[in-house]
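Student: Structure file data.cif (mmCIF, C-alpha atoms) right here:
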data_model
#
loop_
_atom_site.group_PDB
_atom_site.id
_atom_site.type_symbol
_atom_site.label_atom_id
_atom_site.label_comp_id
_atom_site.auth_asym_id
_atom_site.auth_seq_id
_atom_site.Cartn_x
_atom_site.Cartn_y
_atom_site.Cartn_z
ATOM 1 C CA MET A 1 -108.036 -120.455 -33.055
ATOM 2 C CA ARG A 2 -111.548 -119.184 -33.686
ATOM 3 C CA VAL A 3 -112.201 -118.021 -37.236
ATOM 4 C CA GLY A 4 -113.763 -114.834 -35.864
ATOM 5 C CA ILE A 5 -110.476 -113.651 -34.390
ATOM 6 C CA ILE A 6 -108.836 -113.713 -37.821
ATOM 7 C CA LYS A 7 -111.895 -112.308 -39.583
ATOM 8 C CA TYR A 8 -112.235 -109.218 -37.416
ATOM 9 C CA MET A 9 -108.628 -108.377 -36.571
ATOM 10 C CA GLY A 10 -107.847 -104.781 -37.508
ATOM 11 C CA LYS A 11 -111.487 -103.820 -38.081
ATOM 12 C CA GLY A 12 -111.539 -100.883 -35.688
ATOM 13 C CA ILE A 13 -111.678 -103.007 -32.550
ATOM 14 C CA LYS A 14 -110.081 -101.523 -29.418
ATOM 15 C CA TYR A 15 -108.312 -104.311 -27.552
ATOM 16 C CA LYS A 16 -108.298 -104.103 -23.764
ATOM 17 C CA HIS A 17 -104.769 -105.462 -23.420
ATOM 18 C CA VAL A 18 -103.502 -102.743 -25.773
ATOM 19 C CA ILE A 19 -105.225 -100.061 -23.703
ATOM 20 C CA ASP A 20 -103.758 -101.526 -20.491
ATOM 21 C CA ILE A 21 -100.222 -101.567 -21.910
ATOM 22 C CA LEU A 22 -100.389 -98.029 -23.282
ATOM 23 C CA GLU A 23 -101.866 -96.657 -20.054
ATOM 24 C CA ASN A 24 -99.075 -98.346 -18.127
ATOM 25 C CA TYR A 25 -96.375 -96.428 -20.022
ATOM 26 C CA TYR A 26 -98.110 -93.138 -20.784
ATOM 27 C CA SER A 27 -98.571 -90.134 -18.520
ATOM 28 C CA LYS A 28 -99.722 -86.655 -19.512
ATOM 29 C CA GLY A 29 -96.999 -84.580 -21.119
ATOM 30 C CA LEU A 30 -95.204 -87.475 -22.808
ATOM 31 C CA LYS A 31 -95.064 -87.095 -26.586
ATOM 32 C CA VAL A 32 -96.479 -90.107 -28.417
ATOM 33 C CA LEU A 33 -96.314 -91.233 -32.050
ATOM 34 C CA GLU A 34 -98.398 -94.120 -33.384
ATOM 35 C CA ILE A 35 -97.132 -95.888 -36.516
ATOM 36 C CA GLY A 36 -99.780 -97.446 -38.751
ATOM 37 C CA ALA A 37 -102.614 -95.896 -36.766
ATOM 38 C CA GLY A 38 -105.430 -96.672 -39.220
ATOM 39 C CA SER A 39 -108.533 -95.217 -37.571
ATOM 40 C CA ALA A 40 -106.472 -94.002 -34.572
ATOM 41 C CA ARG A 41 -108.680 -96.053 -32.277
ATOM 42 C CA TYR A 42 -106.423 -95.449 -29.231
ATOM 43 C CA ARG A 43 -106.354 -91.656 -29.548
ATOM 44 C CA ASN A 44 -108.590 -91.045 -26.518
ATOM 45 C CA ILE A 45 -106.015 -92.631 -24.183
ATOM 46 C CA PHE A 46 -103.753 -89.619 -24.681
ATOM 47 C CA ASP A 47 -104.000 -85.887 -24.157
ATOM 48 C CA GLU A 48 -104.785 -84.288 -27.517
ATOM 49 C CA ASN A 49 -101.541 -82.299 -27.464
ATOM 50 C CA ASP A 50 -99.411 -85.387 -26.809
ATOM 51 C CA TYR A 51 -100.484 -87.775 -29.565
ATOM 52 C CA ILE A 52 -99.807 -87.988 -33.317
ATOM 53 C CA ALA A 53 -101.482 -90.663 -35.447
ATOM 54 C CA SER A 54 -99.511 -91.589 -38.557
ATOM 55 C CA ASP A 55 -99.923 -93.981 -41.469
ATOM 56 C CA ILE A 56 -99.148 -94.371 -45.135
ATOM 57 C CA PHE A 57 -101.838 -93.139 -47.498
ATOM 58 C CA SER A 58 -103.973 -96.181 -48.301
ATOM 59 C CA PRO A 59 -107.520 -96.930 -49.501
ATOM 60 C CA TYR A 60 -107.765 -99.462 -46.666
ATOM 61 C CA ILE A 61 -107.666 -96.760 -43.970
ATOM 62 C CA GLU A 62 -111.146 -96.487 -42.515
ATOM 63 C CA ASP A 63 -111.122 -92.822 -41.492
ATOM 64 C CA HIS A 64 -108.588 -90.498 -43.120
ATOM 65 C CA ASP A 65 -109.717 -87.611 -40.897
ATOM 66 C CA GLU A 66 -108.159 -89.379 -37.915
ATOM 67 C CA ILE A 67 -104.645 -89.408 -39.389
ATOM 68 C CA ASP A 68 -102.439 -86.459 -38.408
ATOM 69 C CA ALA A 69 -99.434 -87.249 -40.622
ATOM 70 C CA TYR A 70 -98.907 -89.445 -43.669
ATOM 71 C CA PHE A 71 -95.471 -90.965 -44.198
ATOM 72 C CA ASP A 72 -93.565 -94.204 -44.642
ATOM 73 C CA SER A 73 -92.053 -95.442 -41.370
ATOM 74 C CA GLU A 74 -88.715 -95.826 -43.177
ATOM 75 C CA ASN A 75 -88.547 -92.031 -43.428
ATOM 76 C CA ILE A 76 -90.173 -90.382 -40.400
ATOM 77 C CA PRO A 77 -90.388 -86.588 -40.912
ATOM 78 C CA PHE A 78 -89.610 -85.514 -37.347
ATOM 79 C CA GLU A 79 -86.475 -84.240 -35.676
ATOM 80 C CA ASP A 80 -84.194 -86.482 -33.632
ATOM 81 C CA SER A 81 -85.306 -87.118 -30.035
ATOM 82 C CA THR A 82 -88.834 -85.783 -30.515
ATOM 83 C CA PHE A 83 -90.937 -88.485 -28.827
ATOM 84 C CA ASP A 84 -91.093 -90.263 -25.494
ATOM 85 C CA ILE A 85 -93.170 -93.169 -26.834
ATOM 86 C CA VAL A 86 -93.598 -94.670 -30.285
ATOM 87 C CA PHE A 87 -95.997 -97.571 -30.648
ATOM 88 C CA CYS A 88 -97.631 -99.768 -33.259
ATOM 89 C CA VAL A 89 -100.364 -102.398 -33.114
ATOM 90 C CA GLY A 90 -100.433 -105.198 -35.676
ATOM 91 C CA VAL A 91 -97.998 -103.382 -37.958
ATOM 92 C CA LEU A 92 -94.462 -104.797 -37.657
ATOM 93 C CA PHE A 93 -95.135 -107.913 -39.710
ATOM 94 C CA VAL A 94 -96.253 -105.889 -42.768
ATOM 95 C CA LEU A 95 -93.342 -103.428 -42.803
ATOM 96 C CA ASN A 96 -91.206 -103.788 -45.910
ATOM 97 C CA ASN A 97 -87.992 -103.208 -43.978
ATOM 98 C CA ALA A 98 -88.458 -103.561 -40.223
ATOM 99 C CA ASN A 99 -84.801 -102.783 -39.481
ATOM 100 C CA LYS A 100 -84.936 -99.513 -41.384
ATOM 101 C CA SER A 101 -88.236 -98.550 -39.762
ATOM 102 C CA LEU A 102 -86.918 -99.289 -36.271
ATOM 103 C CA SER A 103 -83.793 -97.292 -37.042
ATOM 104 C CA GLU A 104 -86.049 -94.310 -37.739
ATOM 105 C CA VAL A 105 -88.121 -95.010 -34.614
ATOM 106 C CA SER A 106 -84.919 -95.059 -32.572
ATOM 107 C CA ARG A 107 -83.805 -91.779 -34.112
ATOM 108 C CA VAL A 108 -86.993 -89.868 -33.236
ATOM 109 C CA LEU A 109 -87.193 -91.297 -29.703
ATOM 110 C CA LYS A 110 -85.547 -89.538 -26.798
ATOM 111 C CA SER A 111 -82.907 -91.407 -24.816
ATOM 112 C CA GLY A 112 -84.768 -93.768 -22.503
ATOM 113 C CA GLY A 113 -87.889 -93.489 -24.676
ATOM 114 C CA LYS A 114 -90.025 -96.566 -25.269
ATOM 115 C CA PHE A 115 -90.953 -98.376 -28.452
ATOM 116 C CA ILE A 116 -94.058 -100.460 -27.765
ATOM 117 C CA CYS A 117 -94.580 -103.131 -30.398
ATOM 118 C CA ILE A 118 -97.861 -105.018 -30.044
ATOM 119 C CA ASP A 119 -97.953 -107.522 -32.862
ATOM 120 C CA TYR A 120 -99.566 -110.833 -33.718
ATOM 121 C CA SER A 121 -97.967 -114.071 -32.630
ATOM 122 C CA LYS A 122 -96.118 -116.149 -35.209
ATOM 123 C CA HIS A 123 -99.127 -118.465 -35.423
ATOM 124 C CA ILE A 124 -101.521 -115.617 -36.244
ATOM 125 C CA GLN A 125 -99.032 -113.976 -38.624
ATOM 126 C CA ARG A 126 -99.032 -117.157 -40.700
ATOM 127 C CA LYS A 127 -102.843 -117.276 -40.743
ATOM 128 C CA LEU A 128 -103.090 -113.649 -41.849
ATOM 129 C CA GLN A 129 -100.394 -114.217 -44.469
ATOM 130 C CA LYS A 130 -102.439 -117.066 -45.935
ATOM 131 C CA LYS A 131 -105.676 -115.060 -45.737
ATOM 132 C CA ASP A 132 -104.265 -111.999 -47.524
ATOM 133 C CA LYS A 133 -102.646 -114.094 -50.247
ATOM 134 C CA SER A 134 -106.109 -115.301 -51.198
ATOM 135 C CA SER A 135 -107.605 -111.779 -51.139
ATOM 136 C CA SER A 136 -107.254 -108.668 -53.283
ATOM 137 C CA TYR A 137 -104.891 -107.049 -50.751
ATOM 138 C CA ASN A 138 -101.406 -106.430 -52.109
ATOM 139 C CA ILE A 139 -99.659 -106.877 -48.756
ATOM 140 C CA LYS A 140 -96.403 -108.701 -48.045
ATOM 141 C CA HIS A 141 -96.111 -110.431 -44.706
ATOM 142 C CA TYR A 142 -92.970 -111.173 -42.726
ATOM 143 C CA VAL A 143 -93.179 -113.806 -40.002
ATOM 144 C CA TYR A 144 -91.071 -113.138 -36.879
ATOM 145 C CA ASN A 145 -90.261 -115.333 -33.908
ATOM 146 C CA ASP A 146 -88.890 -114.149 -30.556
ATOM 147 C CA LYS A 147 -85.259 -114.402 -31.702
ATOM 148 C CA ASP A 148 -85.972 -112.335 -34.818
ATOM 149 C CA LEU A 149 -87.684 -109.669 -32.746
ATOM 150 C CA ILE A 150 -84.867 -109.474 -30.202
ATOM 151 C CA SER A 151 -82.323 -109.188 -33.022
ATOM 152 C CA ILE A 152 -84.216 -106.345 -34.731
ATOM 153 C CA PHE A 153 -84.497 -104.456 -31.444
ATOM 154 C CA ASN A 154 -80.830 -104.950 -30.545
ATOM 155 C CA ASN A 155 -79.690 -103.873 -34.022
ATOM 156 C CA ASN A 156 -81.439 -100.540 -33.555
ATOM 157 C CA ASN A 157 -80.213 -99.478 -30.132
ATOM 158 C CA PHE A 158 -83.102 -100.879 -28.084
ATOM 159 C CA LYS A 159 -82.882 -102.842 -24.875
ATOM 160 C CA ILE A 160 -85.906 -105.107 -24.537
ATOM 161 C CA VAL A 161 -87.528 -104.419 -21.179
ATOM 162 C CA PHE A 162 -90.636 -106.535 -21.753
ATOM 163 C CA LEU A 163 -91.352 -109.467 -24.087
ATOM 164 C CA ASP A 164 -94.332 -111.718 -23.589
ATOM 165 C CA ILE A 165 -96.803 -113.815 -25.487
ATOM 166 C CA SER A 166 -98.146 -115.910 -22.630
ATOM 167 C CA ARG A 167 -100.531 -113.300 -21.226
ATOM 168 C CA TYR A 168 -102.445 -113.263 -24.478
ATOM 169 C CA LEU A 169 -103.062 -116.996 -24.799
ATOM 170 C CA VAL A 170 -106.672 -117.819 -25.632
ATOM 171 C CA ILE A 171 -107.618 -120.170 -22.798
ATOM 172 C CA ASN A 172 -110.826 -119.750 -20.871
ATOM 173 C CA SER A 173 -109.919 -121.743 -17.821
ATOM 174 C CA ARG A 174 -109.298 -121.173 -14.133
ATOM 175 C CA TRP A 175 -106.118 -123.218 -14.606
ATOM 176 C CA LYS A 176 -104.679 -120.697 -17.065
ATOM 177 C CA GLY A 177 -102.177 -119.171 -14.633
ATOM 178 C CA MET A 178 -100.775 -122.528 -13.567
ATOM 179 C CA LEU A 179 -100.590 -123.742 -17.151
ATOM 180 C CA LEU A 180 -98.728 -120.650 -18.297
ATOM 181 C CA ASN A 181 -96.154 -120.972 -15.541
ATOM 182 C CA LEU A 182 -95.477 -124.521 -16.700
ATOM 183 C CA LEU A 183 -95.196 -123.521 -20.340
ATOM 184 C CA LYS A 184 -93.376 -120.218 -20.573
ATOM 185 C CA TYR A 185 -90.004 -121.196 -19.095
ATOM 186 C CA ASN A 186 -89.015 -124.024 -21.438
ATOM 187 C CA GLY A 187 -88.503 -124.440 -25.167
ATOM 188 C CA VAL A 188 -91.412 -126.807 -25.753
ATOM 189 C CA GLY A 189 -93.685 -124.518 -23.765
ATOM 190 C CA ARG A 190 -92.687 -121.485 -25.823
ATOM 191 C CA ARG A 191 -93.537 -123.382 -29.008
ATOM 192 C CA ILE A 192 -96.974 -124.196 -27.595
ATOM 193 C CA LEU A 193 -97.526 -120.537 -26.690
ATOM 194 C CA ASN A 194 -96.501 -119.471 -30.184
ATOM 195 C CA LYS A 195 -98.974 -122.003 -31.571
ATOM 196 C CA PHE A 196 -101.998 -120.842 -29.591
ATOM 197 C CA GLY A 197 -101.221 -117.309 -28.457
ATOM 198 C CA VAL A 198 -102.735 -114.397 -30.341
ATOM 199 C CA TRP A 199 -100.437 -111.465 -29.526
ATOM 200 C CA ARG A 200 -96.746 -110.890 -28.895
ATOM 201 C CA VAL A 201 -95.879 -107.748 -26.957
ATOM 202 C CA ALA A 202 -92.367 -106.298 -26.943
ATOM 203 C CA VAL A 203 -91.240 -103.062 -25.310
ATOM 204 C CA GLY A 204 -87.838 -101.654 -26.133
ATOM 205 C CA GLU A 205 -86.074 -98.826 -24.306
ATOM 206 C CA LYS A 206 -83.764 -96.650 -26.372
ATOM 207 C CA ARG A 207 -80.246 -96.944 -25.011
#
Write the structure described by the file as C-alpha coordinates, please.
Tutor:
Amino acid sequence: MRVGIIKYMGKGIKYKHVIDILENYYSKGLKVLEIGAGSARYRNIFDENDYIASDIFSPYIEDHDEIDAYFDSENIPFEDSTFDIVFCVGVLFVLNNANKSLSEVSRVLKSGGKFICIDYSKHIQRKLQKKDKSSSYNIKHYVYNDKDLISIFNNNNFKIVFLDISRYLVINSRWKGMLLNLLKYNGVGRRILNKFGVWRVAVGEKR
(Lines of atoms letter the chains of each structure in order from A and count residues from 1; the text may use other names and numbers.)
(Lines give C-alpha, C1' and ligand atoms only; values in the text may rest on other atoms or scores of the structure.)
Protein backbone atom coordinates (compact mmCIF):
# COMPACT_ATOMS: atom_id res chain seq x y z
CA MET A 1 0.00 0.00 0.00
CA ARG A 2 1.42 3.39 -0.94
CA VAL A 3 2.24 5.63 2.01
CA GLY A 4 0.40 8.49 0.29
CA ILE A 5 -2.94 6.71 0.55
CA ILE A 6 -2.65 6.56 4.33
CA LYS A 7 -1.20 10.06 4.62
CA TYR A 8 -3.99 11.81 2.74
CA MET A 9 -7.05 9.77 3.68
CA GLY A 10 -9.76 12.01 5.10
CA LYS A 11 -8.07 15.25 4.04
CA GLY A 12 -11.00 16.64 2.08
CA ILE A 13 -10.51 14.37 -0.92
CA LYS A 14 -13.65 13.46 -2.89
CA TYR A 15 -13.38 9.82 -3.94
CA LYS A 16 -14.89 8.89 -7.29
CA HIS A 17 -16.15 5.51 -6.09
CA VAL A 18 -18.02 7.22 -3.24
CA ILE A 19 -19.65 9.64 -5.68
CA ASP A 20 -20.62 6.74 -7.98
CA ILE A 21 -22.20 4.77 -5.12
CA LEU A 22 -24.15 7.73 -3.74
CA GLU A 23 -25.40 8.74 -7.19
CA ASN A 24 -26.55 5.18 -7.76
CA TYR A 25 -28.87 5.25 -4.72
CA TYR A 26 -29.91 8.90 -4.61
CA SER A 27 -32.60 10.65 -6.63
CA LYS A 28 -34.05 14.11 -6.03
CA GLY A 29 -36.60 14.20 -3.23
CA LEU A 30 -34.99 11.48 -1.11
CA LYS A 31 -34.00 12.72 2.34
CA VAL A 32 -30.34 12.09 3.13
CA LEU A 33 -28.33 12.22 6.36
CA GLU A 34 -24.53 11.98 6.41
CA ILE A 35 -22.90 10.80 9.65
CA GLY A 36 -19.40 12.11 10.34
CA ALA A 37 -19.53 14.50 7.40
CA GLY A 38 -16.41 16.52 8.26
CA SER A 39 -16.19 19.12 5.49
CA ALA A 40 -19.36 17.74 3.84
CA ARG A 41 -17.39 17.13 0.66
CA TYR A 42 -20.26 15.20 -0.99
CA ARG A 43 -22.91 17.87 -0.42
CA ASN A 44 -23.09 18.92 -4.09
CA ILE A 45 -24.33 15.45 -5.11
CA PHE A 46 -27.67 16.18 -3.45
CA ASP A 47 -30.38 18.79 -3.77
CA GLU A 48 -29.86 21.37 -1.03
CA ASN A 49 -33.25 20.59 0.52
CA ASP A 50 -32.54 16.85 0.69
CA TYR A 51 -29.20 16.68 2.50
CA ILE A 52 -28.11 17.15 6.13
CA ALA A 53 -24.43 17.00 7.09
CA SER A 54 -23.83 15.94 10.68
CA ASP A 55 -20.83 15.38 12.93
CA ILE A 56 -19.70 15.63 16.51
CA PHE A 57 -18.13 18.93 17.49
CA SER A 58 -14.39 18.47 17.03
CA PRO A 59 -11.30 20.63 16.45
CA TYR A 60 -10.35 18.24 13.65
CA ILE A 61 -13.31 19.28 11.48
CA GLU A 62 -11.94 21.36 8.63
CA ASP A 63 -14.95 23.60 7.98
CA HIS A 64 -17.55 24.00 10.72
CA ASP A 65 -19.74 26.12 8.43
CA GLU A 66 -20.47 23.02 6.36
CA ILE A 67 -22.03 21.09 9.26
CA ASP A 68 -25.81 21.39 9.58
CA ALA A 69 -26.25 19.48 12.85
CA TYR A 70 -23.91 18.47 15.65
CA PHE A 71 -24.68 15.29 17.57
CA ASP A 72 -23.34 11.91 18.61
CA SER A 73 -24.53 9.12 16.29
CA GLU A 74 -25.60 7.16 19.38
CA ASN A 75 -28.34 9.75 19.93
CA ILE A 76 -29.63 11.11 16.62
CA PRO A 77 -32.04 14.03 17.23
CA PHE A 78 -34.55 13.25 14.48
CA GLU A 79 -37.93 11.59 14.49
CA ASP A 80 -38.42 7.94 13.55
CA SER A 81 -38.59 7.22 9.81
CA THR A 82 -37.26 10.62 8.73
CA PHE A 83 -34.67 9.66 6.10
CA ASP A 84 -34.49 7.58 2.94
CA ILE A 85 -30.68 7.32 3.00
CA VAL A 86 -28.12 7.54 5.78
CA PHE A 87 -24.47 7.22 4.83
CA CYS A 88 -20.99 7.52 6.27
CA VAL A 89 -17.52 7.46 4.73
CA GLY A 90 -14.55 6.29 6.79
CA VAL A 91 -16.50 6.58 10.04
CA LEU A 92 -17.71 3.18 11.27
CA PHE A 93 -14.33 2.04 12.59
CA VAL A 94 -14.02 5.05 14.94
CA LEU A 95 -17.52 4.84 16.45
CA ASN A 96 -17.43 4.06 20.15
CA ASN A 97 -20.46 1.78 19.92
CA ALA A 98 -21.27 0.78 16.35
CA ASN A 99 -24.28 -1.31 17.39
CA LYS A 100 -25.86 1.59 19.24
CA SER A 101 -25.16 3.98 16.37
CA LEU A 102 -26.66 1.61 13.81
CA SER A 103 -29.69 1.14 16.04
CA GLU A 104 -30.23 4.90 15.84
CA VAL A 105 -29.61 4.90 12.08
CA SER A 106 -32.22 2.17 11.71
CA ARG A 107 -34.68 4.15 13.80
CA VAL A 108 -34.46 7.33 11.71
CA LEU A 109 -34.58 5.48 8.38
CA LYS A 110 -37.86 4.78 6.65
CA SER A 111 -38.81 1.18 5.96
CA GLY A 112 -36.83 0.12 2.90
CA GLY A 113 -34.39 2.99 3.44
CA LYS A 114 -30.69 2.44 2.80
CA PHE A 115 -27.70 2.70 5.09
CA ILE A 116 -24.59 3.12 2.94
CA CYS A 117 -21.42 2.35 4.87
CA ILE A 118 -18.23 3.12 2.95
CA ASP A 119 -15.38 2.24 5.25
CA TYR A 120 -11.73 1.25 5.06
CA SER A 121 -10.75 -2.36 4.59
CA LYS A 122 -9.45 -4.30 7.58
CA HIS A 123 -5.91 -3.85 6.26
CA ILE A 124 -6.23 -0.06 6.10
CA GLN A 125 -8.04 0.11 9.45
CA ARG A 126 -5.02 -1.51 11.09
CA LYS A 127 -2.64 0.94 9.40
CA LEU A 128 -4.70 3.94 10.52
CA GLN A 129 -4.97 2.50 14.02
CA LYS A 130 -1.18 2.29 14.22
CA LYS A 131 -0.75 5.77 12.71
CA ASP A 132 -3.15 7.47 15.15
CA LYS A 133 -1.64 5.71 18.16
CA SER A 134 1.64 7.44 17.36
CA SER A 135 -0.02 10.85 16.87
CA SER A 136 -1.69 13.39 19.15
CA TYR A 137 -5.17 12.23 18.07
CA ASN A 138 -7.21 10.73 20.89
CA ILE A 139 -9.14 8.32 18.67
CA LYS A 140 -10.03 4.70 19.38
CA HIS A 141 -10.16 2.36 16.42
CA TYR A 142 -12.21 -0.80 16.03
CA VAL A 143 -11.18 -3.26 13.33
CA TYR A 144 -14.03 -5.08 11.55
CA ASN A 145 -14.00 -7.98 9.12
CA ASP A 146 -16.87 -9.01 6.83
CA LYS A 147 -18.45 -11.27 9.48
CA ASP A 148 -18.40 -8.48 12.07
CA LEU A 149 -20.02 -6.08 9.63
CA ILE A 150 -22.76 -8.53 8.65
CA SER A 151 -23.48 -9.22 12.33
CA ILE A 152 -23.77 -5.51 13.18
CA PHE A 153 -26.13 -4.95 10.26
CA ASN A 154 -28.29 -7.97 11.08
CA ASN A 155 -28.51 -6.99 14.76
CA ASN A 156 -30.02 -3.66 13.78
CA ASN A 157 -32.74 -4.70 11.36
CA PHE A 158 -30.73 -4.34 8.14
CA LYS A 159 -30.61 -6.76 5.25
CA ILE A 160 -27.29 -6.42 3.43
CA VAL A 161 -28.02 -5.82 -0.24
CA PHE A 162 -24.43 -5.07 -1.27
CA LEU A 163 -21.07 -5.97 0.28
CA ASP A 164 -17.85 -5.70 -1.66
CA ILE A 165 -14.19 -4.98 -1.22
CA SER A 166 -12.90 -6.35 -4.51
CA ARG A 167 -13.85 -3.36 -6.66
CA TYR A 168 -11.57 -1.14 -4.63
CA LEU A 169 -8.41 -3.23 -4.87
CA VAL A 170 -5.36 -1.18 -5.81
CA ILE A 171 -4.12 -2.98 -8.92
CA ASN A 172 -3.19 -1.11 -12.05
CA SER A 173 -3.39 -3.96 -14.49
CA ARG A 174 -5.49 -5.02 -17.46
CA TRP A 175 -5.76 -8.41 -15.74
CA LYS A 176 -7.55 -6.92 -12.73
CA GLY A 177 -11.01 -8.21 -13.67
CA MET A 178 -9.82 -11.77 -14.21
CA LEU A 179 -7.78 -11.71 -11.02
CA LEU A 180 -10.70 -10.48 -8.95
CA ASN A 181 -13.00 -13.19 -10.26
CA LEU A 182 -10.45 -15.77 -9.16
CA LEU A 183 -10.03 -14.23 -5.73
CA LYS A 184 -13.40 -13.08 -4.48
CA TYR A 185 -15.25 -16.41 -4.34
CA ASN A 186 -12.97 -18.36 -2.00
CA GLY A 187 -11.65 -17.93 1.52
CA VAL A 188 -8.00 -17.48 0.57
CA GLY A 189 -8.99 -14.95 -2.07
CA ARG A 190 -11.03 -12.93 0.42
CA ARG A 191 -8.02 -12.78 2.74
CA ILE A 192 -5.89 -11.47 -0.12
CA LEU A 193 -8.51 -8.82 -0.93
CA ASN A 194 -8.63 -7.77 2.71
CA LYS A 195 -4.84 -7.50 2.66
CA PHE A 196 -4.57 -5.25 -0.39
CA GLY A 197 -7.98 -3.63 -0.81
CA VAL A 198 -8.49 -0.08 0.38
CA TRP A 199 -12.25 0.20 0.89
CA ARG A 200 -15.10 -2.02 2.03
CA VAL A 201 -18.57 -0.96 0.91
CA ALA A 202 -21.71 -2.29 2.58
CA VAL A 203 -25.29 -1.25 1.85
CA GLY A 204 -28.04 -2.29 4.21
CA GLU A 205 -31.78 -2.02 3.57
CA LYS A 206 -33.98 -1.45 6.60
CA ARG A 207 -36.36 -4.37 6.96
Student: Between atom CA of Phe162 of chain A and atom CA of Ala202 of chain A, what is the distance, to one decimal in Å?
Tutor: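 These two atoms are separated by 5.5 Å.
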Student: Using only the atoms of segment 30-34 of chain A listed in the file, plus 5 Å on each side, state the axis-aligned box centre and edge lengths in Å rounded to one decimal, as JSON.
Tutor:
{"center_x": -96.7, "center_y": -90.6, "center_z": -28.1, "size_x": 13.3, "size_y": 17.0, "size_z": 20.6}
Student: What residues come out when you apply the PyMOL selection byres ((chain A and resi 113-115) around 10) to this file, written as a ChimeraX atom specification?
Tutor: /A:25-26,30-34,81-88,102,105-106,108-112,116-118,153,158-161,202-207
Student: Just to confirm, what's the straight-line distance from atom CA of Ala69 of chain A to atom CA of Ile21 of chain A in Å (one decimal)?
Tutor: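 Distance between the two atoms: 23.6 Å.
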Student: Where does the PyMOL selection byres ((chain A and resi 56) around 8) land in this file, that is, which residues does it pick, as a list of chain:residue names?
Tutor: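 Expected selection for the PyMOL selection byres ((chain A and resi 56) around 8) here is A:Gly36, A:Ser54, A:Asp55, A:Phe57, A:Ser58, A:Tyr70, A:Phe71, A:Asp72.
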Student: Between A:Lys100, A:Asp47, A:Val18, A:Arg107, which one has atoms that come closest to Arg200 of chain A, using all atoms listed in the file?
Tutor: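 Using all atoms listed in the file, the shortest distance to Arg200 of chain A belongs to A:Val18.
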Student: Could you please determine the separation between atom CA of Trp199 of chain A and atom CA of Asn75 of chain A in Å, to one decimal place?
Tutor: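 Atom CA of Trp199 of chain A sits 26.7 Å away from atom CA of Asn75 of chain A.
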Student: So which one's closest to Leu22 of chain A, A:Ser73, A:Asn97, A:Asn145, A:Asn44? Using all atoms listed in the file, please.
Tutor: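 Smallest separation from Leu22 of chain A among the options: A:Asn44.
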